[in-house]
Number of protein chains: 2
Amino acid sequence: MPLLAGAAGQVDVARFFTVLAVMLVVGKFAGEAAERLRQPAVMGELLAGIVLGAGLLKVIPTDAADPLTPVFQLLAEVGVVVLLFEIGLETDLKAMLRVGPGAGAVASVGVALPFLLGSLYWLSGWHGYEHTVADPVTTAIFVGATLTATSVGITARVLKDLNVLHSLEARLILGAAVIDDVLGLVILGVVSGLAAGTAFTLSGAARILAVAVAFLFVALWAGVRYAPRLFGLIDRMQVRGVLLVSAFAFLLLLCVLAERAGTALIIGAFAAGLILSETNQFDVIEERIKPVADIFTPIFFLSVGAAADPRTWNPFVAGNHQTLAIGAVLFAIALVGKLASGWAVPWLRVNRTAVGVGMAPRGEVGLIFAQIGFTGGILSDRLFSAILFVVIATTLVTPPLLKRAFASGATAGEPGA
Amino acid sequence: MPLLAGAAGQVDVARFFTVLAVMLVVGKFAGEAAERLRQPAVMGELLAGIVLGAGLLKVIPTDAADPLTPVFQLLAEVGVVVLLFEIGLETDLKAMLRVGPGAGAVASVGVALPFLLGSLYWLSGWHGYEHTVADPVTTAIFVGATLTATSVGITARVLKDLNVLHSLEARLILGAAVIDDVLGLVILGVVSGLAAGTAFTLSGAARILAVAVAFLFVALWAGVRYAPRLFGLIDRMQVRGVLLVSAFAFLLLLCVLAERAGTALIIGAFAAGLILSETNQFDVIEERIKPVADIFTPIFFLSVGAAADPRTWNPFVAGNHQTLAIGAVLFAIALVGKLASGWAVPWLRVNRTAVGVGMAPRGEVGLIFAQIGFTGGILSDRLFSAILFVVIATTLVTPPLLKRAFASGATAGEPGA
């Protein structure tokens, strides 16, 4: 009689199973509905997350006191990491490296412009907001910083949903998103320091940058060199599922290495995919990781949606007007700043709108920045809520806009290929 | 820049990824080693669990204070539930129902005999053990009860590893294990009452039994009637992974229903598999659930192993002798009692040793019973440790014994098929 009710002691297994099942079913049906409305499936998952999340039905645990909250956070992490791994597997490493300079230009413009515009907007005082909790300069830097980081998860899913992963635009966006991640880490180091009250040092920022870049190069170099031999050996093993499980464990370990090197988990995930795409077993791995991604990835997108509380944006509630007004301006800045990044590569013939829109979603990264500013006492309730609005709005407009951009503009082929 | 280090707040993502990766890699390599030694792979996973577990390397979190402990408990539950689902998918419902009476006989003998022998051994005083913490009769009932329940997970895995799931023996064992689960629930209700100090009532026990049986019948009847139509509709949906995700959610929900009906989660899982095996999509579901099972199922077997602390059985430590002596006698009773159940079906021509051995493993269920007795103050430290020994020993001897039983004795075909 294995596993009785409540066998796991303090955790409620039945509740865990129920929440997981509801999330998966509602997510899939919302994804199907989105596709029927000619929108990417991820759009449905995000909206399903909002409906099931903290603000409305409260099905998805987000409360820190709920023992299931960390469980779903961890499963969501597995979800995004498996997604980036899949994207990496489908990406041609050499074609990726060829767009390096272009990706660097896109990333730099897409980080610098929103930061400058956001900070200047705040310093200008045009928002008319008085209830700042920190000095205006620190607040302005924070507001600018929350607008900088691209959340590649959303864009990658849409590119995959639209079947354009092999276009030059997709490679530019993915490459820029990785570089953006590295720049974002540097900014995070700076703003975390500000939140903690320590001064900014250029050497500290340079160190973070150097370690992240070094990790990527070493991992890719060593991986491409040794992984094919390693997976050739694993492929000779007999026990069921050994190839998939080894690839999955490889993914997890590379994420951990990336994090230990001071960079982001998902850079490790993308690198793991790129590396295994060079092995002879990559097609089997790709096929077998799919069902695993089908289970885990929606958990991530639902969780992103679940963090939002749409009630704070209800215009019929007094006091929400200013929040919405600030949110709307920041949203415009966030969108225009990233859109402009598509024009950062004048030497490439690409669909510039598609590239710019692809860089737009802020997703959970903006949430992390905003969270640090909020708990650090730099952002007020209302400003925090306005930034949440920006994060969710940029995330929600990306799937339909990106679809339209790819449909209307021409897609560039590989130059010289 | 999605998902920075530590994005999930209080939970350590990097540690979670590391532990998961180490469990999966060590489990697979131990499984491979076991197969090379002509043992079922699950044997290697159990031993890997013991080595990585509470007693030795402490890699797998088992401490209640560790925030990752409930996470791995929940993933292990998903693992065993997916395994039973897979087994159900591969099982022919009609052939299963045909062995009903035989399975009932096997289950009854396999529950009654260990209970009687275990209780009598304790009442006889032959063990020479003085440090009882409750009255001898209650203790005797508890000792007997811990020996009754079969853990079908181990046996199911071995039957699968040996490729004999379609033999009459396998159907008898699986059917008996389900009935055993139902009987086990009744016993659990009784002993939990004893531990809490409430008196045994026949009506209470009968109610538990009736609800469990009713659940199984209603679920199978309604499932076989409506699931094919439901999954036919789902199959027409377009969004990626919808069939697998729906099947997985169906599995989770049936587990929850089973639990709400007062029966065990895994009965729901097995029923879900049986039901979906009657749909037109069962082969696609079976193929796509495999990679999911490859990731989750080893977590369960490693966790079972991890609960054991082999140091308490070290014969070189003074005071462990009596524990080991009691453990050895209870182990013999546990094995003989279940072995005899193979002879409970004189009207069937089957490999009786295989059936008896298949019912032998106690796995995590014995642990649950022992835990209740221990925390309820009925079992002393030493008696608890002896019962743990029985649980682990019956679990570890099953894979090699079952393999041998199937190899030596003839396997019966389907009677009249």
# chains A, B, ... in the order shown; residues from 1 in each chain; ligands from 1
$ interface_residues --of "chain A" --to "chain B" --cutoff "7 Å" --atoms "only C-alpha atoms" --output "MDAnalysis selection string"
chainID A and resid 1:5 7:8 11 13:14 17:18 21 24:25 28 31:32 70:71 73:74 149:152 180:181 184 237:239 241:242 245:246 249 252:253 256 259 264:266 288 291:292 294:295 364:365 368
$ residues_around --residues "B:Leu162" --least-positions-apart "5" --cutoff "12 Å" --atoms "only C-alpha atoms" --output "JSON, numbers by chain"
{"B": [35, 38, 39, 40, 41, 42, 155, 156, 157, 167, 170, 399, 400, 402, 403, 404, 405, 406, 407]}
$ write_last_selection --atoms "N, CA and C atoms" --output "PDB file, in the first residue's frame"
ATOM      1  N   GLU B  35      22.314  -3.467 -13.728  1.00  0.00           N
ATOM      2  CA  GLU B  35      21.966  -4.250 -14.919  1.00  0.00           C
ATOM      3  C   GLU B  35      23.164  -5.045 -15.436  1.00  0.00           C
ATOM      4  N   ARG B  38      23.445  -8.132 -13.835  1.00  0.00           N
ATOM      5  CA  ARG B  38      22.228  -8.908 -14.082  1.00  0.00           C
ATOM      6  C   ARG B  38      21.199  -8.768 -12.971  1.00  0.00           C
ATOM      7  N   GLN B  39      21.102  -7.566 -12.407  1.00  0.00           N
ATOM      8  CA  GLN B  39      20.058  -7.257 -11.427  1.00  0.00           C
ATOM      9  C   GLN B  39      19.162  -6.166 -12.012  1.00  0.00           C
ATOM     10  N   PRO B  40      17.909  -6.080 -11.546  1.00  0.00           N
ATOM     11  CA  PRO B  40      17.068  -4.991 -12.058  1.00  0.00           C
ATOM     12  C   PRO B  40      17.642  -3.620 -11.677  1.00  0.00           C
ATOM     13  N   ALA B  41      17.420  -2.631 -12.556  1.00  0.00           N
ATOM     14  CA  ALA B  41      17.996  -1.304 -12.357  1.00  0.00           C
ATOM     15  C   ALA B  41      17.537  -0.658 -11.056  1.00  0.00           C
ATOM     16  N   VAL B  42      16.299  -0.974 -10.640  1.00  0.00           N
ATOM     17  CA  VAL B  42      15.756  -0.332  -9.446  1.00  0.00           C
ATOM     18  C   VAL B  42      16.600  -0.642  -8.206  1.00  0.00           C
ATOM     19  N   THR B 155       7.943  -3.849  -6.911  1.00  0.00           N
ATOM     20  CA  THR B 155       7.608  -5.005  -7.727  1.00  0.00           C
ATOM     21  C   THR B 155       7.227  -4.592  -9.138  1.00  0.00           C
ATOM     22  N   ALA B 156       6.436  -3.530  -9.245  1.00  0.00           N
ATOM     23  CA  ALA B 156       6.012  -3.077 -10.567  1.00  0.00           C
ATOM     24  C   ALA B 156       7.230  -2.715 -11.413  1.00  0.00           C
ATOM     25  N   ARG B 157       8.186  -1.997 -10.806  1.00  0.00           N
ATOM     26  CA  ARG B 157       9.390  -1.624 -11.538  1.00  0.00           C
ATOM     27  C   ARG B 157      10.142  -2.864 -11.999  1.00  0.00           C
ATOM     28  N   SER B 167       2.396 -11.191 -18.044  1.00  0.00           N
ATOM     29  CA  SER B 167       2.193 -12.557 -17.563  1.00  0.00           C
ATOM     30  C   SER B 167       1.042 -12.587 -16.554  1.00  0.00           C
ATOM     31  N   ALA B 170       2.167 -11.377 -13.166  1.00  0.00           N
ATOM     32  CA  ALA B 170       2.215  -9.920 -13.009  1.00  0.00           C
ATOM     33  C   ALA B 170       0.828  -9.376 -12.719  1.00  0.00           C
ATOM     34  N   PRO B 399      14.100  -7.483  -5.778  1.00  0.00           N
ATOM     35  CA  PRO B 399      14.526  -7.484  -7.188  1.00  0.00           C
ATOM     36  C   PRO B 399      15.312  -8.728  -7.599  1.00  0.00           C
ATOM     37  N   PRO B 400      16.394  -9.109  -6.869  1.00  0.00           N
ATOM     38  CA  PRO B 400      17.112 -10.315  -7.317  1.00  0.00           C
ATOM     39  C   PRO B 400      16.276 -11.589  -7.189  1.00  0.00           C
ATOM     40  N   LEU B 402      13.025 -11.931  -7.346  1.00  0.00           N
ATOM     41  CA  LEU B 402      11.956 -11.962  -8.339  1.00  0.00           C
ATOM     42  C   LEU B 402      12.531 -12.324  -9.710  1.00  0.00           C
ATOM     43  N   LYS B 403      13.679 -11.777  -9.988  1.00  0.00           N
ATOM     44  CA  LYS B 403      14.320 -12.090 -11.265  1.00  0.00           C
ATOM     45  C   LYS B 403      14.605 -13.586 -11.344  1.00  0.00           C
ATOM     46  N   ARG B 404      15.146 -14.119 -10.231  1.00  0.00           N
ATOM     47  CA  ARG B 404      15.457 -15.545 -10.188  1.00  0.00           C
ATOM     48  C   ARG B 404      14.188 -16.396 -10.319  1.00  0.00           C
ATOM     49  N   ALA B 405      13.120 -15.975  -9.610  1.00  0.00           N
ATOM     50  CA  ALA B 405      11.872 -16.739  -9.640  1.00  0.00           C
ATOM     51  C   ALA B 405      11.315 -16.802 -11.059  1.00  0.00           C
ATOM     52  N   PHE B 406      11.363 -15.678 -11.758  1.00  0.00           N
ATOM     53  CA  PHE B 406      10.840 -15.674 -13.125  1.00  0.00           C
ATOM     54  C   PHE B 406      11.738 -16.461 -14.062  1.00  0.00           C
ATOM     55  N   ALA B 407      13.044 -16.457 -13.777  1.00  0.00           N
ATOM     56  CA  ALA B 407      13.971 -17.155 -14.665  1.00  0.00           C
ATOM     57  C   ALA B 407      13.855 -18.659 -14.502  1.00  0.00           C
TER      58      ALA B 407
END
$ atom_distance --atom1 "atom CA of A:Gly88" --atom2 "atom CA of A:Leu276"
8.3 Å
$ residues_around --residues "A:Ser303" --least-positions-apart "2" --cutoff "9 Å" --atoms "only C-alpha atoms" --output "list in words"
Leu46, Gly49, Ile50, Gly53, Ile60, Pro61, Thr62, Phe72, Gln73, Ala76, Pro298, Ile299, Phe300, Phe301, Gly305, Ala306 and Ala307 of chain A
$ select_by_dssp --residues "stretch 53-219 of chain A" --states "helix (DSSP H, G or I)" --output "mmCIF file with C-alpha atoms, in the first residue's frame"
data_model
loop_
_atom_site.group_PDB
_atom_site.id
_atom_site.type_symbol
_atom_site.label_atom_id
_atom_site.label_comp_id
_atom_site.auth_asym_id
_atom_site.auth_seq_id
_atom_site.Cartn_x
_atom_site.Cartn_y
_atom_site.Cartn_z
ATOM 1 C CA LEU A 68 3.855 25.174 -1.692
ATOM 2 C CA THR A 69 5.165 28.564 -2.868
ATOM 3 C CA PRO A 70 8.846 27.549 -2.966
ATOM 4 C CA VAL A 71 7.905 24.240 -4.608
ATOM 5 C CA PHE A 72 6.228 25.977 -7.546
ATOM 6 C CA GLN A 73 9.034 28.543 -7.709
ATOM 7 C CA LEU A 74 11.538 25.727 -8.110
ATOM 8 C CA LEU A 75 9.404 23.925 -10.703
ATOM 9 C CA ALA A 76 9.075 27.231 -12.585
ATOM 10 C CA GLU A 77 12.862 27.559 -12.572
ATOM 11 C CA VAL A 78 13.145 24.073 -14.028
ATOM 12 C CA GLY A 79 10.585 25.182 -16.619
ATOM 13 C CA VAL A 80 12.455 28.246 -17.848
ATOM 14 C CA VAL A 81 15.758 26.429 -17.767
ATOM 15 C CA VAL A 82 14.396 23.532 -19.846
ATOM 16 C CA LEU A 83 12.928 26.046 -22.310
ATOM 17 C CA LEU A 84 16.267 27.819 -22.794
ATOM 18 C CA PHE A 85 17.941 24.414 -23.100
ATOM 19 C CA GLU A 86 15.534 23.474 -25.887
ATOM 20 C CA ILE A 87 16.203 26.801 -27.620
ATOM 21 C CA GLY A 88 19.942 26.213 -27.271
ATOM 22 C CA LEU A 89 19.586 22.713 -28.754
ATOM 23 C CA GLU A 90 17.832 24.150 -31.798
ATOM 24 C CA LEU A 93 26.351 27.761 -32.372
ATOM 25 C CA LYS A 94 28.449 28.940 -35.304
ATOM 26 C CA ALA A 95 25.616 30.974 -36.842
ATOM 27 C CA MET A 96 25.065 32.418 -33.379
ATOM 28 C CA LEU A 97 28.685 33.528 -33.015
ATOM 29 C CA ARG A 98 28.570 35.188 -36.430
ATOM 30 C CA GLY A 100 27.936 38.445 -32.122
ATOM 31 C CA PRO A 101 28.750 42.096 -32.953
ATOM 32 C CA GLY A 102 25.189 42.819 -34.074
ATOM 33 C CA ALA A 103 23.785 41.215 -30.931
ATOM 34 C CA GLY A 104 26.164 43.311 -28.838
ATOM 35 C CA ALA A 105 24.948 46.503 -30.497
ATOM 36 C CA VAL A 106 21.283 45.563 -30.047
ATOM 37 C CA ALA A 107 21.813 44.676 -26.394
ATOM 38 C CA SER A 108 23.752 47.869 -25.614
ATOM 39 C CA VAL A 109 21.181 50.207 -27.139
ATOM 40 C CA GLY A 110 18.345 48.206 -25.562
ATOM 41 C CA VAL A 111 19.893 48.585 -22.116
ATOM 42 C CA ALA A 112 21.191 52.161 -22.359
ATOM 43 C CA LEU A 113 18.150 53.852 -23.874
ATOM 44 C CA PRO A 114 15.440 52.650 -21.458
ATOM 45 C CA PHE A 115 17.778 53.336 -18.544
ATOM 46 C CA LEU A 116 18.497 56.919 -19.629
ATOM 47 C CA LEU A 117 14.929 57.726 -20.605
ATOM 48 C CA GLY A 118 13.520 56.179 -17.425
ATOM 49 C CA SER A 119 15.953 57.983 -15.132
ATOM 50 C CA LEU A 120 15.505 61.317 -16.890
ATOM 51 C CA TYR A 121 11.712 60.983 -16.739
ATOM 52 C CA TRP A 122 11.955 60.532 -13.005
ATOM 53 C CA LEU A 123 14.470 63.333 -12.456
ATOM 54 C CA SER A 124 12.393 65.719 -14.579
ATOM 55 C CA PRO A 136 15.374 61.426 -6.169
ATOM 56 C CA VAL A 137 18.661 60.383 -7.819
ATOM 57 C CA THR A 138 18.688 56.904 -6.280
ATOM 58 C CA THR A 139 15.021 56.464 -7.114
ATOM 59 C CA ALA A 140 15.663 57.615 -10.687
ATOM 60 C CA ILE A 141 18.529 55.142 -11.115
ATOM 61 C CA PHE A 142 16.248 52.377 -9.822
ATOM 62 C CA VAL A 143 13.376 53.320 -12.087
ATOM 63 C CA GLY A 144 15.762 53.335 -15.058
ATOM 64 C CA ALA A 145 17.330 50.021 -14.042
ATOM 65 C CA THR A 146 14.005 48.202 -13.816
ATOM 66 C CA VAL A 152 14.250 36.186 -23.080
ATOM 67 C CA GLY A 153 11.816 33.455 -22.004
ATOM 68 C CA ILE A 154 8.735 35.103 -23.508
ATOM 69 C CA THR A 155 10.428 36.032 -26.778
ATOM 70 C CA ALA A 156 12.054 32.638 -27.137
ATOM 71 C CA ARG A 157 8.683 30.936 -26.662
ATOM 72 C CA VAL A 158 7.049 33.194 -29.243
ATOM 73 C CA LEU A 159 9.865 32.665 -31.746
ATOM 74 C CA LYS A 160 9.419 28.941 -31.214
ATOM 75 C CA ASP A 161 5.622 29.156 -31.466
ATOM 76 C CA LEU A 168 18.620 36.053 -38.524
ATOM 77 C CA GLU A 169 16.238 38.110 -36.371
ATOM 78 C CA ALA A 170 15.832 35.229 -33.911
ATOM 79 C CA ARG A 171 19.586 34.752 -33.634
ATOM 80 C CA LEU A 172 20.104 38.479 -33.110
ATOM 81 C CA ILE A 173 17.442 38.588 -30.406
ATOM 82 C CA LEU A 174 18.723 35.479 -28.601
ATOM 83 C CA GLY A 175 22.332 36.641 -28.793
ATOM 84 C CA ALA A 176 21.375 40.115 -27.588
ATOM 85 C CA ALA A 177 19.314 38.601 -24.767
ATOM 86 C CA VAL A 178 22.331 36.640 -23.534
ATOM 87 C CA ILE A 179 24.503 39.789 -23.610
ATOM 88 C CA ASP A 180 21.627 41.677 -22.003
ATOM 89 C CA ASP A 181 21.673 39.086 -19.216
ATOM 90 C CA VAL A 182 25.330 39.777 -18.593
ATOM 91 C CA LEU A 183 24.792 43.557 -18.594
ATOM 92 C CA GLY A 184 21.751 43.065 -16.386
ATOM 93 C CA LEU A 185 23.899 41.263 -13.820
ATOM 94 C CA VAL A 186 26.252 44.204 -13.677
ATOM 95 C CA ILE A 187 23.308 46.579 -13.205
ATOM 96 C CA LEU A 188 21.817 44.300 -10.574
ATOM 97 C CA GLY A 189 25.107 44.351 -8.692
ATOM 98 C CA VAL A 190 25.054 48.144 -8.765
ATOM 99 C CA VAL A 191 21.420 48.632 -7.765
ATOM 100 C CA SER A 192 21.597 45.974 -5.043
ATOM 101 C CA GLY A 193 24.530 47.911 -3.672
ATOM 102 C CA LEU A 194 22.497 51.125 -3.817
ATOM 103 C CA ALA A 195 19.583 49.419 -2.070
ATOM 104 C CA ALA A 196 21.944 48.206 0.644
ATOM 105 C CA LEU A 202 33.658 50.543 -11.246
ATOM 106 C CA SER A 203 36.024 47.674 -10.362
ATOM 107 C CA GLY A 204 33.181 45.693 -8.763
ATOM 108 C CA ALA A 205 31.048 46.095 -11.868
ATOM 109 C CA ALA A 206 33.966 45.162 -14.132
ATOM 110 C CA ARG A 207 34.632 42.031 -12.105
ATOM 111 C CA ILE A 208 31.031 40.790 -12.478
ATOM 112 C CA LEU A 209 31.235 41.440 -16.218
ATOM 113 C CA ALA A 210 34.553 39.652 -16.645
ATOM 114 C CA VAL A 211 33.469 36.541 -14.726
ATOM 115 C CA ALA A 212 30.237 36.180 -16.693
ATOM 116 C CA VAL A 213 31.972 36.532 -20.051
ATOM 117 C CA ALA A 214 34.743 34.155 -19.018
ATOM 118 C CA PHE A 215 32.198 31.562 -17.895
ATOM 119 C CA LEU A 216 30.416 31.617 -21.234
ATOM 120 C CA PHE A 217 33.622 31.225 -23.225
ATOM 121 C CA VAL A 218 35.121 28.500 -21.057
ATOM 122 C CA ALA A 219 31.846 26.539 -20.867
#
$ atom_distance --atom1 "atom CA of B:Met359" --atom2 "atom CA of B:Val99"
15.6 Å
